[in-house]
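**Q** Supplied structure: protein-v7.cif, mmCIF, C-alpha atoms.
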data_protein
#
loop_
_atom_site.label_atom_id
_atom_site.label_comp_id
_atom_site.auth_asym_id
_atom_site.auth_seq_id
_atom_site.Cartn_x
_atom_site.Cartn_y
_atom_site.Cartn_z
CA MET A 277 -8.98 -20.06 2.96
CA GLU A 278 -8.50 -16.80 1.00
CA GLN A 279 -12.18 -15.94 1.27
CA ARG A 280 -12.13 -16.65 5.00
CA LEU A 281 -9.10 -14.42 5.54
CA PHE A 282 -10.63 -11.67 3.38
CA ALA A 283 -13.83 -11.77 5.45
CA LEU A 284 -11.94 -11.91 8.74
CA GLN A 285 -9.85 -8.89 7.80
CA ARG A 286 -12.95 -6.83 6.93
CA LEU A 287 -14.84 -7.94 10.02
CA SER A 288 -11.89 -7.23 12.33
CA ALA A 289 -11.57 -3.77 10.71
CA MET A 290 -15.23 -3.12 11.49
CA VAL A 291 -14.67 -4.18 15.10
CA MET A 292 -11.54 -2.03 15.41
CA ALA A 293 -13.03 1.18 13.98
CA PRO A 294 -14.96 2.16 17.15
CA PHE A 295 -12.09 0.91 19.33
CA VAL A 296 -9.64 3.25 17.59
CA LEU A 297 -11.99 6.22 17.96
CA VAL A 298 -12.64 5.54 21.64
CA HIS A 299 -8.92 4.90 22.22
CA LEU A 300 -7.91 8.25 20.65
CA GLY A 301 -10.79 10.07 22.33
CA ILE A 302 -9.80 8.79 25.76
CA ILE A 303 -6.16 9.74 25.24
CA LEU A 304 -7.14 13.31 24.32
CA TYR A 305 -9.54 13.52 27.25
CA ALA A 306 -7.22 11.93 29.81
CA VAL A 307 -4.12 14.02 29.09
CA ARG A 308 -5.86 17.39 28.91
CA GLY A 309 -4.37 18.50 32.25
CA GLY A 310 -1.13 16.48 32.13
CA LEU A 311 -0.82 12.89 33.16
CA THR A 312 1.51 10.66 35.20
CA ALA A 313 2.04 6.89 35.11
CA ALA A 314 0.57 6.63 38.59
CA GLU A 315 -2.63 8.40 37.47
CA ILE A 316 -2.99 6.10 34.48
CA LEU A 317 -2.49 2.97 36.56
CA ALA A 318 -4.92 4.22 39.17
CA ARG A 319 -7.62 4.36 36.51
CA THR A 320 -6.78 1.19 34.59
CA GLN A 321 -5.96 -1.30 37.33
CA GLY A 322 -8.93 -3.48 38.01
CA SER A 323 -11.15 -1.44 35.64
CA LEU A 324 -14.09 -3.47 34.40
CA PHE A 325 -14.28 -1.22 31.32
CA TRP A 326 -10.62 -0.85 30.47
CA ILE A 327 -9.54 -4.51 30.71
CA PRO A 328 -12.22 -6.06 28.44
CA PHE A 329 -12.05 -3.07 26.04
CA TYR A 330 -8.32 -3.42 25.42
CA SER A 331 -8.41 -7.25 25.49
CA LEU A 332 -10.88 -7.21 22.58
CA PHE A 333 -8.86 -4.47 20.86
CA VAL A 334 -5.69 -6.57 21.09
CA ILE A 335 -7.46 -9.68 19.79
CA SER A 336 -8.87 -7.83 16.75
CA VAL A 337 -5.45 -6.29 16.02
CA ALA A 338 -3.85 -9.74 16.22
CA VAL A 339 -6.37 -10.99 13.66
CA HIS A 340 -6.31 -7.96 11.34
CA VAL A 341 -2.63 -7.11 11.08
CA PRO A 342 -1.16 -10.52 10.11
CA ILE A 343 -3.66 -10.91 7.24
CA GLY A 344 -2.62 -7.59 5.71
CA LEU A 345 1.04 -8.32 6.34
CA ARG A 346 0.63 -11.67 4.60
CA ASN A 347 -0.61 -9.91 1.46
CA ILE A 348 2.35 -7.54 1.56
CA LEU A 349 4.80 -10.46 1.91
CA ILE A 350 3.17 -12.27 -1.02
CA GLU A 351 3.09 -9.25 -3.32
CA TRP A 352 6.19 -7.27 -2.41
CA ALA A 353 8.55 -9.84 -0.86
CA ARG A 354 7.41 -12.54 -3.37
CA LEU A 355 6.99 -15.12 -0.60
CA SER A 356 4.91 -18.21 -1.33
CA ARG A 357 1.46 -18.31 0.21
CA GLY A 358 2.52 -21.11 2.58
CA ALA A 359 5.66 -19.31 3.81
CA ALA A 360 3.81 -16.00 4.19
CA SER A 361 1.02 -17.75 6.12
CA VAL A 362 3.46 -19.33 8.60
CA CYS A 363 5.38 -16.05 9.14
CA CYS A 364 2.21 -14.09 9.69
CA PHE A 365 0.61 -16.69 11.93
CA LEU A 366 3.68 -16.52 14.19
CA PHE A 367 3.65 -12.72 14.05
CA GLY A 368 -0.06 -12.78 15.00
CA LEU A 369 0.72 -14.97 18.03
CA LEU A 370 3.50 -12.55 19.03
CA LEU A 371 1.16 -9.56 18.78
CA LEU A 372 -1.50 -11.40 20.76
CA SER A 373 0.83 -12.49 23.56
CA MET A 374 2.58 -9.11 23.86
CA GLY A 375 -0.73 -7.24 23.71
CA LEU A 376 -2.51 -9.39 26.26
CA ARG A 377 0.53 -9.27 28.54
CA ALA A 378 0.46 -5.46 28.36
CA VAL A 379 -3.28 -5.42 29.08
CA ALA A 380 -2.78 -7.73 32.06
CA ALA A 381 0.08 -5.61 33.40
CA VAL A 382 -1.56 -2.20 32.97
CA GLY A 383 -4.89 -3.64 34.13
CA GLY A 384 -3.26 -4.80 37.33
CA LEU A 385 -3.93 -8.48 36.77
CA LEU A 386 -0.27 -9.47 37.22
CA SER A 387 0.32 -7.76 40.55
CA MET B 119 8.10 19.62 -55.38
CA GLU B 120 10.71 21.37 -53.26
CA ALA B 121 7.99 22.59 -50.93
CA THR B 122 6.67 19.05 -50.45
CA LYS B 123 10.13 17.78 -49.62
CA ALA B 124 10.72 20.53 -47.13
CA ALA B 125 7.38 19.82 -45.44
CA GLN B 126 8.15 16.10 -45.11
CA ARG B 127 8.84 15.64 -41.46
CA THR B 128 10.31 12.49 -40.01
CA LEU B 129 9.27 10.68 -36.91
CA LYS B 130 11.78 8.98 -34.62
CA VAL B 131 10.61 5.58 -33.50
CA ARG B 132 12.42 3.73 -30.73
CA ILE B 133 11.43 0.08 -30.87
CA ALA B 134 12.33 -2.56 -28.29
CA ARG B 135 14.18 -5.35 -30.09
CA GLY B 136 15.19 -8.90 -29.21
CA THR B 137 14.27 -10.67 -26.02
CA GLU B 138 16.17 -8.67 -23.40
CA ASP B 139 14.91 -5.53 -21.66
CA GLY B 140 16.43 -2.19 -22.59
CA ASN B 141 17.58 -3.11 -26.09
CA PHE B 142 16.17 -0.40 -28.38
CA THR B 143 16.77 0.47 -32.02
CA THR B 144 15.83 3.88 -33.38
CA TYR B 145 14.25 4.19 -36.85
CA GLU B 146 13.18 7.23 -38.80
CA VAL B 147 10.00 7.09 -40.83
CA PRO B 148 8.03 9.76 -42.74
CA TRP B 149 5.58 11.56 -40.47
CA ARG B 150 2.27 11.42 -42.30
CA GLU B 151 -1.23 12.76 -41.77
CA ASN B 152 -3.59 10.47 -39.84
CA GLN B 153 -0.90 7.91 -39.18
CA THR B 154 -1.50 5.28 -36.51
CA VAL B 155 1.22 3.69 -34.39
CA LEU B 156 0.46 0.39 -36.14
CA ASP B 157 1.06 2.11 -39.51
CA VAL B 158 4.46 3.20 -38.21
CA VAL B 159 5.43 -0.28 -37.00
CA THR B 160 4.29 -1.75 -40.32
CA GLU B 161 6.28 0.84 -42.26
CA VAL B 162 9.41 0.04 -40.26
CA GLN B 163 8.95 -3.68 -40.86
CA ARG B 164 8.13 -3.40 -44.58
CA ARG B 165 10.73 -0.78 -45.52
CA ILE B 166 13.57 -0.84 -42.99
CA GLU B 167 13.66 -3.89 -40.70
CA PRO B 168 12.09 -7.05 -42.19
CA THR B 169 13.05 -9.10 -39.12
CA LEU B 170 10.90 -6.98 -36.78
CA SER B 171 8.25 -9.17 -35.11
CA TYR B 172 4.85 -7.78 -34.12
CA ARG B 173 1.22 -8.89 -34.11
CA PHE B 174 -1.80 -7.44 -35.83
CA ALA B 175 -4.83 -8.69 -37.69
CA CYS B 176 -7.86 -6.48 -38.28
CA ARG B 177 -6.25 -3.00 -38.15
CA VAL B 178 -9.55 -1.43 -37.07
CA GLY B 179 -9.92 -2.10 -33.34
CA VAL B 180 -11.94 -5.30 -33.50
CA CYS B 181 -9.46 -8.11 -32.83
CA GLY B 182 -7.21 -6.71 -30.08
CA SER B 183 -4.06 -8.38 -31.47
CA CYS B 184 -1.96 -5.23 -31.93
CA ALA B 185 -1.77 -4.14 -28.27
CA MET B 186 1.69 -2.82 -27.34
CA THR B 187 3.22 -0.40 -24.89
CA VAL B 188 3.43 3.03 -26.50
CA ASN B 189 5.32 5.73 -24.61
CA GLY B 190 4.93 3.71 -21.43
CA LYS B 191 1.20 2.97 -21.69
CA PRO B 192 -0.52 -0.14 -23.02
CA ARG B 193 -2.68 0.64 -26.07
CA TRP B 194 -4.18 -0.74 -29.24
CA THR B 195 -1.69 0.56 -31.77
CA CYS B 196 -4.27 0.48 -34.59
CA ARG B 197 -6.51 2.91 -32.71
CA THR B 198 -3.72 5.20 -31.54
CA HIS B 199 -2.87 8.13 -33.78
CA VAL B 200 0.75 9.19 -33.71
CA SER B 201 -0.36 12.80 -33.17
CA ARG B 202 -1.94 11.77 -29.84
CA VAL B 203 1.14 10.12 -28.37
CA GLU B 204 4.30 11.55 -29.97
CA GLU B 205 6.54 13.56 -27.68
CA ASP B 206 8.79 15.98 -29.59
CA GLY B 207 8.59 13.80 -32.69
CA VAL B 208 9.55 10.60 -30.84
CA ILE B 209 7.52 7.51 -29.99
CA VAL B 210 8.78 4.57 -27.96
CA ILE B 211 7.22 1.19 -28.67
CA GLU B 212 7.65 -1.82 -26.38
CA PRO B 213 5.85 -5.15 -25.93
CA LEU B 214 3.02 -5.50 -23.40
CA ARG B 215 4.13 -5.70 -19.78
CA ASN B 216 3.50 -8.66 -17.41
CA MET B 217 3.75 -11.40 -20.06
CA PRO B 218 6.89 -13.31 -21.14
CA ARG B 219 8.40 -11.83 -24.27
CA ILE B 220 8.87 -14.03 -27.32
CA LYS B 221 10.69 -11.53 -29.54
CA ASP B 222 10.60 -7.79 -30.27
CA LEU B 223 6.99 -6.67 -29.78
CA VAL B 224 5.44 -10.12 -29.41
CA VAL B 225 4.57 -11.62 -26.01
CA ASP B 226 3.43 -15.09 -25.01
CA MET B 227 -0.21 -14.76 -23.92
CA SER B 228 -0.60 -18.37 -22.70
CA GLU B 229 -0.71 -17.45 -19.00
CA PHE B 230 -3.28 -14.77 -19.74
CA PHE B 231 -5.64 -17.28 -21.36
CA ASP B 232 -4.86 -20.01 -18.80
CA LYS B 233 -5.92 -17.65 -16.03
CA TRP B 234 -9.06 -16.83 -17.97
CA LYS B 235 -10.07 -20.49 -17.61
CA LYS B 236 -8.85 -20.73 -14.03
CA ALA B 237 -11.14 -17.87 -12.97
CA GLY B 238 -14.17 -20.11 -13.63
CA SER B 239 -14.99 -18.61 -16.99
CA THR B 240 -16.41 -21.61 -18.83
CA PHE B 241 -20.11 -21.53 -19.55
CA VAL B 242 -22.11 -24.60 -18.56
CA GLY B 243 -25.70 -24.64 -19.76
CA THR B 244 -28.70 -26.25 -18.14
CA ALA B 245 -30.98 -26.51 -21.17
CA THR B 246 -30.77 -28.94 -24.06
CA ARG B 247 -31.03 -28.14 -27.76
CA HIS B 248 -34.64 -29.30 -27.73
CA GLU B 249 -35.71 -26.51 -25.42
CA PRO B 250 -36.49 -22.99 -26.63
CA PRO B 251 -33.78 -20.32 -26.19
CA ALA B 252 -33.70 -18.83 -22.70
CA ALA B 253 -35.69 -15.63 -22.40
CA VAL B 254 -33.39 -13.25 -20.52
CA SER B 255 -35.01 -9.88 -20.02
CA PRO B 256 -32.80 -7.05 -21.29
CA THR B 257 -34.02 -4.95 -18.38
CA SER B 258 -33.18 -7.42 -15.61
CA LYS B 259 -30.51 -6.25 -13.15
CA LYS B 260 -28.24 -9.21 -13.79
CA ARG B 261 -28.47 -8.83 -17.55
CA LYS B 262 -27.54 -5.16 -17.27
CA MET B 263 -24.52 -5.96 -15.11
CA ALA B 264 -23.38 -8.66 -17.54
CA ASP B 265 -23.94 -6.29 -20.49
CA ALA B 266 -21.75 -3.62 -18.92
CA ALA B 267 -18.77 -5.98 -18.92
CA ILE B 268 -19.41 -8.25 -21.91
CA GLU B 269 -17.56 -6.36 -24.67
CA CYS B 270 -14.09 -7.56 -23.60
CA ILE B 271 -12.10 -8.98 -26.53
CA ASN B 272 -9.10 -10.22 -24.50
CA CYS B 273 -6.51 -7.86 -25.91
CA GLY B 274 -4.49 -8.04 -22.67
CA VAL B 275 -4.17 -4.26 -22.20
CA CYS B 276 -5.70 -4.38 -18.70
CA TYR B 277 -3.48 -7.31 -17.74
CA ALA B 278 -0.39 -5.38 -18.86
CA SER B 279 -1.45 -2.26 -16.98
CA CYS B 280 -2.18 -4.03 -13.67
CA ASP B 281 0.41 -3.57 -10.91
CA VAL B 282 -1.01 -6.47 -8.88
CA VAL B 283 -0.25 -8.82 -11.80
CA ALA B 284 3.31 -7.42 -11.80
CA TRP B 285 3.68 -8.15 -8.08
CA ASP B 286 1.88 -11.50 -7.82
CA LYS B 287 2.31 -13.81 -10.81
CA GLU B 288 -0.57 -15.97 -9.59
CA TYR B 289 -3.08 -13.11 -9.65
CA LEU B 290 -5.82 -13.93 -12.15
CA GLY B 291 -5.94 -10.40 -13.54
CA PRO B 292 -8.68 -7.99 -14.60
CA ALA B 293 -9.79 -9.63 -17.88
CA ALA B 294 -10.29 -13.11 -16.41
CA LEU B 295 -12.20 -11.76 -13.41
CA ASN B 296 -14.27 -9.47 -15.64
CA ARG B 297 -15.28 -12.55 -17.63
CA ALA B 298 -16.10 -14.43 -14.41
CA TRP B 299 -18.37 -11.53 -13.43
CA THR B 300 -20.32 -11.72 -16.72
CA LEU B 301 -20.76 -15.44 -16.23
CA PHE B 302 -21.83 -15.01 -12.61
CA ASN B 303 -24.59 -12.72 -13.87
CA ASP B 304 -25.60 -15.03 -16.72
CA GLU B 305 -28.98 -16.43 -15.75
CA ARG B 306 -28.47 -19.43 -18.03
CA HIS B 307 -25.25 -20.54 -16.32
CA ALA B 308 -25.55 -23.78 -14.33
CA ASP B 309 -23.33 -23.00 -11.35
CA PRO B 310 -22.75 -19.32 -10.48
CA LYS B 311 -21.53 -20.30 -6.99
CA ASP B 312 -18.71 -22.25 -8.59
CA VAL B 313 -17.71 -19.11 -10.50
CA LEU B 314 -17.43 -17.23 -7.20
CA LYS B 315 -15.47 -20.07 -5.64
CA LYS B 316 -12.93 -20.13 -8.46
CA ALA B 317 -12.73 -16.34 -8.76
CA THR B 318 -11.93 -15.99 -5.05
CA SER B 319 -9.53 -18.90 -4.60
CA GLY B 320 -5.77 -18.27 -4.40
CA SER B 321 -4.77 -14.91 -5.88
CA GLY B 322 -8.28 -14.19 -7.09
CA CYS B 323 -10.53 -11.15 -6.96
CA ASN B 324 -9.70 -10.42 -3.32
CA SER B 325 -6.12 -9.59 -4.31
CA CYS B 326 -7.29 -6.56 -6.33
CA HIS B 327 -6.24 -3.25 -4.76
CA THR B 328 -8.84 -1.24 -6.70
CA GLN B 329 -6.12 0.91 -8.26
CA GLY B 330 -8.16 1.17 -11.46
CA ASN B 331 -5.32 0.91 -14.00
CA CYS B 332 -7.36 -1.64 -15.96
CA MET B 333 -10.31 0.73 -16.12
CA THR B 334 -8.12 3.68 -17.16
CA HIS B 335 -6.44 1.83 -20.02
CA CYS B 336 -9.25 -0.41 -21.33
CA PRO B 337 -9.61 0.54 -25.02
CA VAL B 338 -13.36 -0.18 -24.94
CA SER B 339 -13.90 1.70 -21.66
CA LEU B 340 -14.95 -1.28 -19.58
CA SER B 341 -14.51 -1.32 -15.82
CA PRO B 342 -12.91 -4.60 -14.73
CA THR B 343 -12.41 -2.83 -11.38
CA GLY B 344 -16.19 -2.59 -11.04
CA SER B 345 -16.61 -6.24 -12.06
CA ILE B 346 -14.04 -7.34 -9.47
CA ALA B 347 -15.78 -5.24 -6.81
CA GLY B 348 -19.02 -7.06 -7.72
CA LEU B 349 -17.33 -10.45 -7.34
CA LYS B 350 -15.82 -9.42 -3.98
CA LYS B 351 -19.16 -8.21 -2.67
CA ASN B 352 -21.09 -11.29 -3.74
CA ALA B 353 -18.38 -13.66 -2.47
CA LEU B 354 -18.38 -11.91 0.90
CA LEU B 355 -22.17 -12.04 1.15
CA GLN B 356 -22.16 -15.71 0.24
CA PHE B 357 -19.45 -16.38 2.83
CA LEU B 358 -21.39 -14.55 5.55
CA LYS B 359 -24.49 -16.55 4.66
CA GLY B 360 -22.42 -19.67 5.31
CA GLY B 361 -22.06 -20.69 1.67
CA ASP B 362 -18.22 -20.50 1.76
#
Kindly present the structure from the file in structure tokens form.
**A**
Amino acid sequence: MEQRLFALQRLSAMVMAPFVLVHLGIILYAVRGGLTAAEILARTQGSLFWIPFYSLFVISVAVHVPIGLRNILIEWARLSRGAASVCCFLFGLLLLSMGLRAVAAVGGLLS
Amino acid sequence: MEATKAAQRTLKVRIARGTEDGNFTTYEVPWRENQTVLDVVTEVQRRIEPTLSYRFACRVGVCGSCAMTVNGKPRWTCRTHVSRVEEDGVIVIEPLRNMPRIKDLVVDMSEFFDKWKKAGSTFVGTATRHEPPAAVSPTSKKRKMADAAIECINCGVCYASCDVVAWDKEYLGPAALNRAWTLFNDERHADPKDVLKKATSGSGCNSCHTQGNCMTHCPVSLSPTGSIAGLKKNALLQFLKGGD
């Protein structure tokens, strides 16, 4: 279990590294001449690049963050491994559902 | 005679007493040339406070029994000269951190040794007494890695210095994992995979934050941090190969 989580956290970090760089790069590029919500939505809605890119980004965040948070709860909040696992599993589900919902909305899949 | 008396300086020693935190008694002892912190504790116990409890055995940095916290840092008191640690003629001596205190400067090291076993540190041979001794090349990579970590004498200084141990009472600690690393690299050991399994389970090597306190304070300059990094790397490789 611990070894699996350790490996998953490292692997998800490796997946996220290029995502973060592309994410920041696109923000800098896109806002260079000012930006409105309508312009953003015009680019993202129905985009075959944007939707899968951010779906994978959200999934890797939902894997990576709860594992780190679990360690913090065990070490600093002195929670038992079981309690920390349950809390962080639920938090991971919350991140995943909120993230995917945002991707679906900005990607125009809900309209 | 007068000159000698005038030159006799005294050292203030604040020693943690009893079983509760924050209970200190201050003693004054003659400040001598080439005096170690262990000499000071012994002088206090022999001349001023016979009820003072502390541990020591060899007095020369071989046994590791006399480790205490001196001015906030864990050290072997027998290898620490007063001149190196005194601050304005004062030294503060406390028991080692992270282990339950028995009395004064003595801590209960049971959990430290229990974790040593839990980390998969027991050697299991494959040869019988009828076979010749194993020929392990001193130049082999594994032998060199084991050699770099083998000189640990279990004094508990690294365990006391480790913040992860302070946060997570289940964490196996630097000494136990350092031992597991030497055994993992021992070519004669029957089951190195089992060592990895035990060293990574629960609050094992993966809990280490690589802060390096163990490495900084180790009196024999070992690097348990490096040993733990080796365990992490090999465990991860084994996991990715599907060995779990």
**Q** Once the PyMOL selection byres ((chain A) within 12 of (chain B)) has been applied to the shown file, what residues remain in the selection, as a PyMOL selection string?
**A** chain A and resi 277-287+343-344+346-358
**Q** For the residues in the current selection, export C-alpha atoms as a compact mmCIF listing (two decimals), keeping the file's coordinate frame.
**A**
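This is the output file result_32.txt:
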# COMPACT_ATOMS: atom_id res chain seq x y z
CA MET A 277 -8.98 -20.06 2.96
CA GLU A 278 -8.50 -16.80 1.00
CA GLN A 279 -12.18 -15.94 1.27
CA ARG A 280 -12.13 -16.65 5.00
CA LEU A 281 -9.10 -14.42 5.54
CA PHE A 282 -10.63 -11.67 3.38
CA ALA A 283 -13.83 -11.77 5.45
CA LEU A 284 -11.94 -11.91 8.74
CA GLN A 285 -9.85 -8.89 7.80
CA ARG A 286 -12.95 -6.83 6.93
CA LEU A 287 -14.84 -7.94 10.02
CA ILE A 343 -3.66 -10.91 7.24
CA GLY A 344 -2.62 -7.59 5.71
CA ARG A 346 0.63 -11.67 4.60
CA ASN A 347 -0.61 -9.91 1.46
CA ILE A 348 2.35 -7.54 1.56
CA LEU A 349 4.80 -10.46 1.91
CA ILE A 350 3.17 -12.27 -1.02
CA GLU A 351 3.09 -9.25 -3.32
CA TRP A 352 6.19 -7.27 -2.41
CA ALA A 353 8.55 -9.84 -0.86
CA ARG A 354 7.41 -12.54 -3.37
CA LEU A 355 6.99 -15.12 -0.60
CA SER A 356 4.91 -18.21 -1.33
CA ARG A 357 1.46 -18.31 0.21
CA GLY A 358 2.52 -21.11 2.58
**Q** Just the residues within 8 Å of region 365-369 of chain A, please, counting only C-alpha atoms, with nothing from its chain fewer than 6 positions along; format it as a PDB file with C-alpha atoms, in the frame of the given file.
**A**
ATOM      1  CA  ALA A 338      -3.850  -9.740  16.220  1.00  0.00           C
ATOM      2  CA  VAL A 339      -6.370 -10.990  13.660  1.00  0.00           C
ATOM      3  CA  VAL A 341      -2.630  -7.110  11.080  1.00  0.00           C
ATOM      4  CA  PRO A 342      -1.160 -10.520  10.110  1.00  0.00           C
TER       5      PRO A 342
END
**Q** What's the separation between CA of Leu170 (chain B) and CA of Asp222 (chain B), in Å to one decimal place?
**A**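 Computed distance, CA of Leu170 (chain B) to CA of Asp222 (chain B), equals 6.6 Å.
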**Q** Give me the result of the PyMOL selection byres ((chain B and resi 230) around 12) on this file, residue by residue, as a PyMOL selection string.
**A** chain B and resi 214-218+225-229+231-237+272-278+283+287-295
**Q** Could you list, as a PyMOL selection string, every residue within 9 Å of His299 (chain A), counting all atoms listed in the file and ignoring same-chain residues fewer than 5 positions away?
**A** chain A and resi 294+304+330
**Q** Between CA of Val162 (chain B) and CA of Met186 (chain B), what distance in Å does the model show, to one decimal?
**A**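 It comes out at 15.3 Å.
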**Q** If you measure from CA of Asp206 (chain B) to CA of Thr128 (chain B), what distance in Å do you get, rounded to one decimal?
**A** 11.1 Å
